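Visitor: Just dropping this structure here.
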Amino acid sequence: MSGNERPTGQQQTSTAAAESAFLKACRGEPVPHTPVWFMRQAGRSLPEYLKVREGIPMLESCMRPELVTEITLQPVRRHKVDAAIYFSDIVVPLKAIGLDLDIKPGVGPVVAEPIRTRADLQRLRALEPDDVAYVTEAIGMLTGELGSTPLIGFAGAPFTLASYLVEGGPSRNHEHTKAMMYGDPELWADLLDRLADITSAFLTVQIEAGASAVQLFDSWVGALAPAEYRRSVMPASSKVFDAVAGYGVPRIHFGVGTGELLGLMGEAGADVVGVDWRVPLDEAARRVGAGRTLQGNLDPAVLFAPRSAVESAAREVLASARDLPGHIFNLGHGVLPATDPDALTRLVDFVHSQTQA
């Protein structure tokens with residue numbers, strides 16, 4: 001860390017978790033077994049989650065430290081995964097700075113007034129730590145409970161946040177987003193730059209509170225061609241990674257449908273590149289280039305198949321990762337809501353048993 005960065009609780013947490021299989025894999029070091037965690041491991045697939053969330057809107061649940069702590073811990077207790085991921089939502093920092101948005105069940109984030117003009121940018125003020133004090137409180141509680149299990153902080157990437165803000169909600173074709181990107185590149189660049197600052201501040205809060213790694217989710221960036229990504233998105237993603245580089249925590253970059261972007265996503269500054277299920281890990285490694293750990297990449301739908309089929313598919317993922325400098329086993333996207341939790345527990349045990357050093 002540089003001399004102007006103050007000591008944090010994160011440093012103590014990293015010391016306790018530094019020998020974990022997850023953080024060793026992030027660093028490309030030998031591991032006692034392949035570490036496992038699942039995107040959306042805390043959520044609708046768990047009956048205990050549905051019970052504690054009953055009657056509580058999504059965004060409100062993200063602002064209750066005790067509830068966040070319980071939900072984040074649930075999959076660690078049940079599945080014995082090698083890392084926890086902080087329970088939140090990618091639009092939380094946007095809500096925290098005062099944007100009028102909500103998460104509607106069955107739809108997703110919906111923005112009351114989309115960002116379409118330069119004047120609209122004035123609504124995107126800087127995120128201050130006090131805006132998300134509940135995050136600091138929850139992570140402090142979590143690190144005390146997790147002990148040597150690392151906690152992953154996360155945030156939405158600038159492009160994906162921008163797509164929600166410009167479209168006003170989820171979009172199949174991103175027509176308004178791309179219209180701004182192509183038609184007013186200066187406005188687009190300024191929008192992503194502001195979102196990069198907000199995202200950087202949100203990740204910084206999590207790291208300083210105790211997160212041992214961070215993941216940047218770019219759920220919609222697979223809608224872009226490589227040239228578009230390099231020109232119009234990569235500078236903002238790189239700005240986020242650069243902003244937290246001094247803390248020394250592993251930085252993970254994940255997107256969906258990003259097979260053609262894997263090399264650029266690694267180039268943007270990540271230490272670990274997440275791979276969806278469409279590209280085998282050995283091919284992904286060729287695209288990403290040397291020196292980076294890969295994360296992934298079992299198809300989430302495989303978990304609905306019989307146990308023998310799940311194990312066969314998991315063996316294929318492990319075989320594809322055999323020659324990688326580092327590998328974190330994960331799904332190629334988030335856990336699907338109707339997934340049998342026992343299938344996840346069995347998968348963790350299987351990967352651990354197959355990869356014991």
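By convention in this document, the chains of the structure tokens carry letters A, B, ... by their order, each chain's residues are numbered from 1, and ligands are numbered from 1 in the order they are shown.
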What are the closest atom pairs, with distances in Å to one decimal, for all residues of stretch 175-250 of chain A lying within 9 Å of stretch 119-143 of chain A? Consider only C-alpha atoms, order rows by chain and residue number, and present the result as JSON lines.
Guide:
{"residue": "A:Leu187", "atom": "CA", "partner": "A:Leu121", "partner_atom": "CA", "distance": 8.8}
{"residue": "A:Asp190", "atom": "CA", "partner": "A:Leu121", "partner_atom": "CA", "distance": 8.3}
{"residue": "A:Leu191", "atom": "CA", "partner": "A:Leu121", "partner_atom": "CA", "distance": 6.7}
{"residue": "A:Arg194", "atom": "CA", "partner": "A:Leu124", "partner_atom": "CA", "distance": 7.0}
{"residue": "A:Leu195", "atom": "CA", "partner": "A:Leu124", "partner_atom": "CA", "distance": 7.8}
{"residue": "A:Asp197", "atom": "CA", "partner": "A:Ala126", "partner_atom": "CA", "distance": 7.2}
{"residue": "A:Ile198", "atom": "CA", "partner": "A:Leu127", "partner_atom": "CA", "distance": 5.5}
{"residue": "A:Thr199", "atom": "CA", "partner": "A:Leu127", "partner_atom": "CA", "distance": 8.4}
{"residue": "A:Ala201", "atom": "CA", "partner": "A:Leu127", "partner_atom": "CA", "distance": 6.3}
{"residue": "A:Phe202", "atom": "CA", "partner": "A:Leu127", "partner_atom": "CA", "distance": 7.3}
{"residue": "A:Thr204", "atom": "CA", "partner": "A:Pro129", "partner_atom": "CA", "distance": 8.9}
{"residue": "A:Val205", "atom": "CA", "partner": "A:Pro129", "partner_atom": "CA", "distance": 6.3}
{"residue": "A:Gln206", "atom": "CA", "partner": "A:Thr136", "partner_atom": "CA", "distance": 6.6}
{"residue": "A:Glu208", "atom": "CA", "partner": "A:Thr136", "partner_atom": "CA", "distance": 8.2}
{"residue": "A:Ala209", "atom": "CA", "partner": "A:Thr136", "partner_atom": "CA", "distance": 5.3}
{"residue": "A:Gly210", "atom": "CA", "partner": "A:Ile139", "partner_atom": "CA", "distance": 6.2}
{"residue": "A:Ala211", "atom": "CA", "partner": "A:Ile139", "partner_atom": "CA", "distance": 7.2}
Visitor: Just write the chosen residues, C-alpha atoms, as an mmCIF file, in the first residue's frame.
Guide:
data_model
loop_
_atom_site.group_PDB
_atom_site.id
_atom_site.type_symbol
_atom_site.label_atom_id
_atom_site.label_comp_id
_atom_site.auth_asym_id
_atom_site.auth_seq_id
_atom_site.Cartn_x
_atom_site.Cartn_y
_atom_site.Cartn_z
ATOM 1 C CA LEU A 187 -21.588 12.094 -23.196
ATOM 2 C CA ASP A 190 -18.488 11.144 -19.214
ATOM 3 C CA LEU A 191 -21.312 8.878 -18.010
ATOM 4 C CA ARG A 194 -18.772 9.085 -13.334
ATOM 5 C CA LEU A 195 -19.967 5.528 -12.848
ATOM 6 C CA ASP A 197 -15.803 6.825 -9.765
ATOM 7 C CA ILE A 198 -18.964 5.659 -7.964
ATOM 8 C CA THR A 199 -18.017 2.003 -8.410
ATOM 9 C CA ALA A 201 -15.727 4.355 -4.116
ATOM 10 C CA PHE A 202 -18.143 1.490 -3.407
ATOM 11 C CA THR A 204 -13.032 0.973 -1.623
ATOM 12 C CA VAL A 205 -15.571 1.064 1.202
ATOM 13 C CA GLN A 206 -15.815 -2.722 1.086
ATOM 14 C CA GLU A 208 -11.395 -0.838 3.852
ATOM 15 C CA ALA A 209 -14.110 -2.508 5.908
ATOM 16 C CA GLY A 210 -12.513 -5.950 5.491
ATOM 17 C CA ALA A 211 -13.171 -7.538 2.076
#
Visitor: Between A:Asp342, A:Glu29, A:Asp349, A:Glu145, single out the one closest to A:Glu66, counting only C-alpha atoms.
Guide: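 Ranked by minimum distance to A:Glu66, first place goes to A:Glu145.
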Visitor: Neighbouring residues of A:Asp242 were defined as those with any atom within 10 Å, considering only C-alpha atoms; residues of the same chain fewer than 5 positions away were excluded. Please report them as a tab-separated table (two decimals) with N, CA, C and O atoms, in the first residue's frame.
Guide:
chain	number	residue	atom	x	y	z
A	200	SER	N	-15.72	2.66	-7.96
A	200	SER	CA	-14.45	2.62	-7.24
A	200	SER	C	-14.65	2.95	-5.77
A	200	SER	O	-14.07	2.30	-4.89
A	236	ALA	N	-13.14	2.80	-18.64
A	236	ALA	CA	-13.84	2.95	-17.36
A	236	ALA	C	-13.60	1.76	-16.45
A	236	ALA	O	-13.38	1.91	-15.24
A	237	SER	N	-13.62	0.53	-17.01
A	237	SER	CA	-13.33	-0.65	-16.20
A	237	SER	C	-11.91	-0.59	-15.65
A	237	SER	O	-11.67	-0.91	-14.49
A	251	ARG	N	-8.41	-8.82	-7.70
A	251	ARG	CA	-9.50	-8.17	-8.43
A	251	ARG	C	-9.99	-9.14	-9.51
A	251	ARG	O	-9.21	-9.58	-10.35
A	268	ALA	N	-7.86	-5.22	-19.03
A	268	ALA	CA	-8.43	-4.08	-18.30
A	268	ALA	C	-7.84	-3.95	-16.89
A	268	ALA	O	-7.96	-2.90	-16.28
A	269	GLY	N	-7.25	-5.01	-16.37
A	269	GLY	CA	-6.57	-4.87	-15.08
A	269	GLY	C	-6.91	-5.90	-14.04
A	269	GLY	O	-6.44	-5.79	-12.91
A	270	ALA	N	-7.69	-6.92	-14.40
A	270	ALA	CA	-8.06	-7.93	-13.41
A	270	ALA	C	-6.91	-8.88	-13.12
A	270	ALA	O	-6.09	-9.16	-13.99
Visitor: Run DSSP on the backbone and tell me which residues of stretch 88-134 of chain A come out as alpha helix (DSSP H); list them as a list of chain:residue names.
Guide: A:Val92, A:Pro93, A:Leu94, A:Lys95, A:Ala96, A:Ala133, A:Tyr134
Visitor: So how many Å separate atom CA of A:Gly291 and atom CA of A:Phe329, to one decimal?
Guide: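 Those two atoms sit 17.5 Å apart.
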Visitor: Hey, what's within 9 Å of stretch 161-176 of chain A if we count only C-alpha atoms and toss same-chain stuff fewer than 5 positions away? As a ChimeraX atom specification, please?
Guide: /A:90-91,94,101,107-116,156,181,188,191-192,195,218,220,223
Visitor: With only C-alpha atoms as the basis for distance, which of A:Ala227, A:Ala189, A:Leu59, A:Leu151 is at the shortest distance from A:Pro250?
Guide: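 Of A:Ala227, A:Ala189, A:Leu59, A:Leu151, the one nearest A:Pro250 is A:Leu151, counting only C-alpha atoms.
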Visitor: I'd like the contact shell of A:Phe350 - 12 Å cut-off, only C-alpha atoms, skipping same-chain residues fewer than 3 positions apart - returned as a PDB file with N, CA, C and O atoms, in the first residue's frame.
Guide:
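Result written to part-v9.pdb:
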ATOM      1  N   HIS A  33      -6.441 -27.693  -2.365  1.00  0.00           N
ATOM      2  CA  HIS A  33      -7.526 -28.202  -3.198  1.00  0.00           C
ATOM      3  C   HIS A  33      -8.022 -27.041  -4.038  1.00  0.00           C
ATOM      4  O   HIS A  33      -7.766 -25.876  -3.717  1.00  0.00           O
ATOM      5  N   THR A  34      -8.708 -27.333  -5.110  1.00  0.00           N
ATOM      6  CA  THR A  34      -9.301 -26.257  -5.916  1.00  0.00           C
ATOM      7  C   THR A  34     -10.408 -25.583  -5.119  1.00  0.00           C
ATOM      8  O   THR A  34     -11.350 -26.238  -4.686  1.00  0.00           O
ATOM      9  N   PRO A  35     -10.289 -24.274  -4.894  1.00  0.00           N
ATOM     10  CA  PRO A  35     -11.341 -23.581  -4.125  1.00  0.00           C
ATOM     11  C   PRO A  35     -12.621 -23.438  -4.929  1.00  0.00           C
ATOM     12  O   PRO A  35     -12.598 -23.366  -6.163  1.00  0.00           O
ATOM     13  N   VAL A  36     -13.727 -23.396  -4.205  1.00  0.00           N
ATOM     14  CA  VAL A  36     -15.052 -23.319  -4.831  1.00  0.00           C
ATOM     15  C   VAL A  36     -15.868 -22.208  -4.173  1.00  0.00           C
ATOM     16  O   VAL A  36     -15.901 -22.098  -2.944  1.00  0.00           O
ATOM     17  N   HIS A  79     -22.896 -24.998   2.454  1.00  0.00           N
ATOM     18  CA  HIS A  79     -22.139 -25.632   1.377  1.00  0.00           C
ATOM     19  C   HIS A  79     -20.648 -25.825   1.682  1.00  0.00           C
ATOM     20  O   HIS A  79     -19.978 -26.555   0.959  1.00  0.00           O
ATOM     21  N   LYS A  80     -20.135 -25.129   2.694  1.00  0.00           N
ATOM     22  CA  LYS A  80     -18.703 -25.168   3.009  1.00  0.00           C
ATOM     23  C   LYS A  80     -17.865 -24.642   1.835  1.00  0.00           C
ATOM     24  O   LYS A  80     -16.796 -25.191   1.514  1.00  0.00           O
ATOM     25  N   VAL A  81     -18.350 -23.591   1.201  1.00  0.00           N
ATOM     26  CA  VAL A  81     -17.600 -22.960   0.123  1.00  0.00           C
ATOM     27  C   VAL A  81     -16.346 -22.298   0.677  1.00  0.00           C
ATOM     28  O   VAL A  81     -16.237 -22.026   1.870  1.00  0.00           O
ATOM     29  N   ARG A 307     -26.973 -36.639 -10.439  1.00  0.00           N
ATOM     30  CA  ARG A 307     -25.679 -36.434  -9.785  1.00  0.00           C
ATOM     31  C   ARG A 307     -24.517 -36.918 -10.648  1.00  0.00           C
ATOM     32  O   ARG A 307     -23.479 -36.247 -10.734  1.00  0.00           O
ATOM     33  N   SER A 308     -24.664 -38.043 -11.295  1.00  0.00           N
ATOM     34  CA  SER A 308     -23.567 -38.572 -12.117  1.00  0.00           C
ATOM     35  C   SER A 308     -23.223 -37.619 -13.258  1.00  0.00           C
ATOM     36  O   SER A 308     -22.048 -37.449 -13.613  1.00  0.00           O
ATOM     37  N   VAL A 310     -23.710 -34.314 -13.241  1.00  0.00           N
ATOM     38  CA  VAL A 310     -23.071 -33.139 -12.637  1.00  0.00           C
ATOM     39  C   VAL A 310     -21.592 -33.423 -12.400  1.00  0.00           C
ATOM     40  O   VAL A 310     -20.716 -32.608 -12.720  1.00  0.00           O
ATOM     41  N   GLU A 311     -21.307 -34.584 -11.849  1.00  0.00           N
ATOM     42  CA  GLU A 311     -19.916 -34.929 -11.555  1.00  0.00           C
ATOM     43  C   GLU A 311     -19.101 -35.086 -12.837  1.00  0.00           C
ATOM     44  O   GLU A 311     -17.938 -34.682 -12.895  1.00  0.00           O
ATOM     45  N   SER A 312     -19.706 -35.648 -13.871  1.00  0.00           N
ATOM     46  CA  SER A 312     -19.013 -35.784 -15.147  1.00  0.00           C
ATOM     47  C   SER A 312     -18.669 -34.412 -15.728  1.00  0.00           C
ATOM     48  O   SER A 312     -17.551 -34.178 -16.212  1.00  0.00           O
ATOM     49  N   ALA A 313     -19.629 -33.496 -15.671  1.00  0.00           N
ATOM     50  CA  ALA A 313     -19.389 -32.145 -16.193  1.00  0.00           C
ATOM     51  C   ALA A 313     -18.342 -31.414 -15.363  1.00  0.00           C
ATOM     52  O   ALA A 313     -17.503 -30.676 -15.895  1.00  0.00           O
ATOM     53  N   ALA A 314     -18.372 -31.621 -14.046  1.00  0.00           N
ATOM     54  CA  ALA A 314     -17.375 -30.990 -13.174  1.00  0.00           C
ATOM     55  C   ALA A 314     -15.980 -31.527 -13.479  1.00  0.00           C
ATOM     56  O   ALA A 314     -15.001 -30.765 -13.466  1.00  0.00           O
ATOM     57  N   ARG A 315     -15.878 -32.831 -13.751  1.00  0.00           N
ATOM     58  CA  ARG A 315     -14.577 -33.409 -14.117  1.00  0.00           C
ATOM     59  C   ARG A 315     -14.029 -32.756 -15.389  1.00  0.00           C
ATOM     60  O   ARG A 315     -12.823 -32.502 -15.506  1.00  0.00           O
ATOM     61  N   LEU A 318     -12.591 -29.377 -14.469  1.00  0.00           N
ATOM     62  CA  LEU A 318     -11.313 -29.546 -13.774  1.00  0.00           C
ATOM     63  C   LEU A 318     -10.213 -29.993 -14.734  1.00  0.00           C
ATOM     64  O   LEU A 318      -9.067 -29.538 -14.632  1.00  0.00           O
ATOM     65  N   PHE A 329     -12.950 -22.782  -8.902  1.00  0.00           N
ATOM     66  CA  PHE A 329     -14.134 -23.434  -9.473  1.00  0.00           C
ATOM     67  C   PHE A 329     -15.372 -22.610  -9.133  1.00  0.00           C
ATOM     68  O   PHE A 329     -15.595 -22.239  -7.987  1.00  0.00           O
ATOM     69  N   ALA A 343     -27.548 -30.144  -4.287  1.00  0.00           N
ATOM     70  CA  ALA A 343     -26.687 -30.353  -5.451  1.00  0.00           C
ATOM     71  C   ALA A 343     -25.436 -29.479  -5.359  1.00  0.00           C
ATOM     72  O   ALA A 343     -24.330 -29.902  -5.742  1.00  0.00           O
ATOM     73  N   LEU A 344     -25.602 -28.272  -4.838  1.00  0.00           N
ATOM     74  CA  LEU A 344     -24.452 -27.378  -4.651  1.00  0.00           C
ATOM     75  C   LEU A 344     -23.516 -27.910  -3.569  1.00  0.00           C
ATOM     76  O   LEU A 344     -22.289 -27.896  -3.733  1.00  0.00           O
ATOM     77  N   THR A 345     -24.088 -28.372  -2.469  1.00  0.00           N
ATOM     78  CA  THR A 345     -23.269 -28.920  -1.389  1.00  0.00           C
ATOM     79  C   THR A 345     -22.465 -30.124  -1.882  1.00  0.00           C
ATOM     80  O   THR A 345     -21.265 -30.243  -1.597  1.00  0.00           O
ATOM     81  N   ARG A 346     -23.120 -31.008  -2.627  1.00  0.00           N
ATOM     82  CA  ARG A 346     -22.423 -32.180  -3.168  1.00  0.00           C
ATOM     83  C   ARG A 346     -21.331 -31.770  -4.148  1.00  0.00           C
ATOM     84  O   ARG A 346     -20.252 -32.391  -4.195  1.00  0.00           O
ATOM     85  N   LEU A 347     -21.581 -30.722  -4.931  1.00  0.00           N
ATOM     86  CA  LEU A 347     -20.591 -30.276  -5.907  1.00  0.00           C
ATOM     87  C   LEU A 347     -19.339 -29.740  -5.217  1.00  0.00           C
ATOM     88  O   LEU A 347     -18.219 -30.032  -5.644  1.00  0.00           O
ATOM     89  N   SER A 353     -12.791 -33.161  -3.116  1.00  0.00           N
ATOM     90  CA  SER A 353     -12.273 -34.528  -3.049  1.00  0.00           C
ATOM     91  C   SER A 353     -11.453 -34.883  -4.286  1.00  0.00           C
ATOM     92  O   SER A 353     -10.493 -35.647  -4.201  1.00  0.00           O
ATOM     93  N   GLN A 354     -11.820 -34.331  -5.434  1.00  0.00           N
ATOM     94  CA  GLN A 354     -11.116 -34.634  -6.672  1.00  0.00           C
ATOM     95  C   GLN A 354      -9.786 -33.900  -6.802  1.00  0.00           C
ATOM     96  O   GLN A 354      -8.951 -34.282  -7.629  1.00  0.00           O
ATOM     97  N   THR A 355      -9.601 -32.868  -6.011  1.00  0.00           N
ATOM     98  CA  THR A 355      -8.416 -32.003  -6.204  1.00  0.00           C
ATOM     99  C   THR A 355      -7.536 -31.910  -4.968  1.00  0.00           C
ATOM    100  O   THR A 355      -6.645 -31.054  -4.913  1.00  0.00           O
ATOM    101  N   GLN A 356      -7.760 -32.754  -3.987  1.00  0.00           N
ATOM    102  CA  GLN A 356      -6.909 -32.726  -2.786  1.00  0.00           C
ATOM    103  C   GLN A 356      -5.457 -32.923  -3.188  1.00  0.00           C
ATOM    104  O   GLN A 356      -5.127 -33.838  -3.925  1.00  0.00           O
TER     105      GLN A 356
END
Visitor: From the options A:Asp102, A:Gly153, A:Phe254, A:Met180, which residue's atoms come nearest to A:Ala213, counting only C-alpha atoms?
Guide: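 Nearest to A:Ala213: A:Gly153.
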Visitor: Restricting the calculation to only C-alpha atoms, which member of A:Ile207, A:Val256, A:Ser232, A:Lys24 is positioned closest to A:Tyr182?
Guide: A:Ser232
Visitor: Going by DSSP on the backbone, which residues of stretch 97-304 of chain A come out as strand (DSSP E)? List them as a ChimeraX atom specification.
Guide: /A:101-104,108-111,151-156,213-218,251-255,272-274,293-298
Visitor: Point out the residue among A:Val279, A:Val302, A:Val214, A:Cys62 with the least atom-to-atom distance to A:Gly248, counting only C-alpha atoms.
Guide: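 Ranked by minimum distance to A:Gly248, first place goes to A:Val214.
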Visitor: Quick one: residues within 10 Å of A:Gln295, only C-alpha atoms, excluding same-chain residues fewer than 6 positions away - as a VMD selection string?
Guide: chain A and resid 25 to 26 35 to 37 252 to 254 272 to 276 281 321 326 to 332
Visitor: Got time to write the residues from that selection, C-alpha atoms, as a JSON list (two decimals), in the first residue's frame?
Guide:
[["chain", "number", "residue", "atom", "x", "y", "z"],
["A", 25, "ALA", "CA", -5.54, -19.54, -6.15],
["A", 26, "CYS", "CA", -6.14, -15.86, -6.89],
["A", 35, "PRO", "CA", -11.34, -23.58, -4.12],
["A", 36, "VAL", "CA", -15.05, -23.32, -4.83],
["A", 37, "TRP", "CA", -17.62, -20.56, -4.49],
["A", 252, "ILE", "CA", -11.88, -10.43, -10.36],
["A", 253, "HIS", "CA", -13.59, -9.46, -13.62],
["A", 254, "PHE", "CA", -16.67, -11.36, -14.82],
["A", 272, "VAL", "CA", -8.63, -13.13, -12.05],
["A", 273, "VAL", "CA", -10.88, -13.44, -15.11],
["A", 274, "GLY", "CA", -14.25, -15.13, -14.72],
["A", 275, "VAL", "CA", -15.34, -17.31, -17.65],
["A", 276, "ASP", "CA", -18.91, -18.27, -18.48],
["A", 281, "LEU", "CA", -11.07, -22.97, -19.60],
["A", 321, "ALA", "CA", -8.19, -26.22, -15.90],
["A", 326, "GLY", "CA", -4.54, -20.84, -10.87],
["A", 327, "HIS", "CA", -8.17, -21.95, -10.94],
["A", 328, "ILE", "CA", -11.21, -21.10, -8.84],
["A", 329, "PHE", "CA", -14.13, -23.43, -9.47],
["A", 330, "ASN", "CA", -17.40, -21.60, -10.01],
["A", 331, "LEU", "CA", -20.45, -21.70, -12.22],
["A", 332, "GLY", "CA", -20.43, -19.93, -15.54]]
Visitor: Find the spatial neighbours of A:Asp184, counting only C-alpha atoms, within a cut-off of 10 Å - ignore same-chain residues fewer than 5 positions away - and output them as a PDB file with N, CA and C atoms, in the first residue's frame.
Guide:
ATOM      1  N   THR A 117     -29.482  12.650 -21.175  1.00  0.00           N
ATOM      2  CA  THR A 117     -28.903  13.918 -21.616  1.00  0.00           C
ATOM      3  C   THR A 117     -27.748  14.301 -20.700  1.00  0.00           C
ATOM      4  N   ARG A 118     -26.997  15.292 -21.149  1.00  0.00           N
ATOM      5  CA  ARG A 118     -25.878  15.770 -20.319  1.00  0.00           C
ATOM      6  C   ARG A 118     -26.390  16.352 -19.002  1.00  0.00           C
ATOM      7  N   LYS A 178     -26.672   1.829 -26.763  1.00  0.00           N
ATOM      8  CA  LYS A 178     -25.775   1.874 -27.914  1.00  0.00           C
ATOM      9  C   LYS A 178     -25.973   3.148 -28.728  1.00  0.00           C
ATOM     10  N   ALA A 179     -27.192   3.668 -28.749  1.00  0.00           N
ATOM     11  CA  ALA A 179     -27.425   4.927 -29.457  1.00  0.00           C
ATOM     12  C   ALA A 179     -26.607   6.054 -28.839  1.00  0.00           C
ATOM     13  N   ALA A 189     -18.772   8.744 -22.654  1.00  0.00           N
ATOM     14  CA  ALA A 189     -17.520   8.646 -21.907  1.00  0.00           C
ATOM     15  C   ALA A 189     -17.641   9.310 -20.542  1.00  0.00           C
TER      16      ALA A 189
END
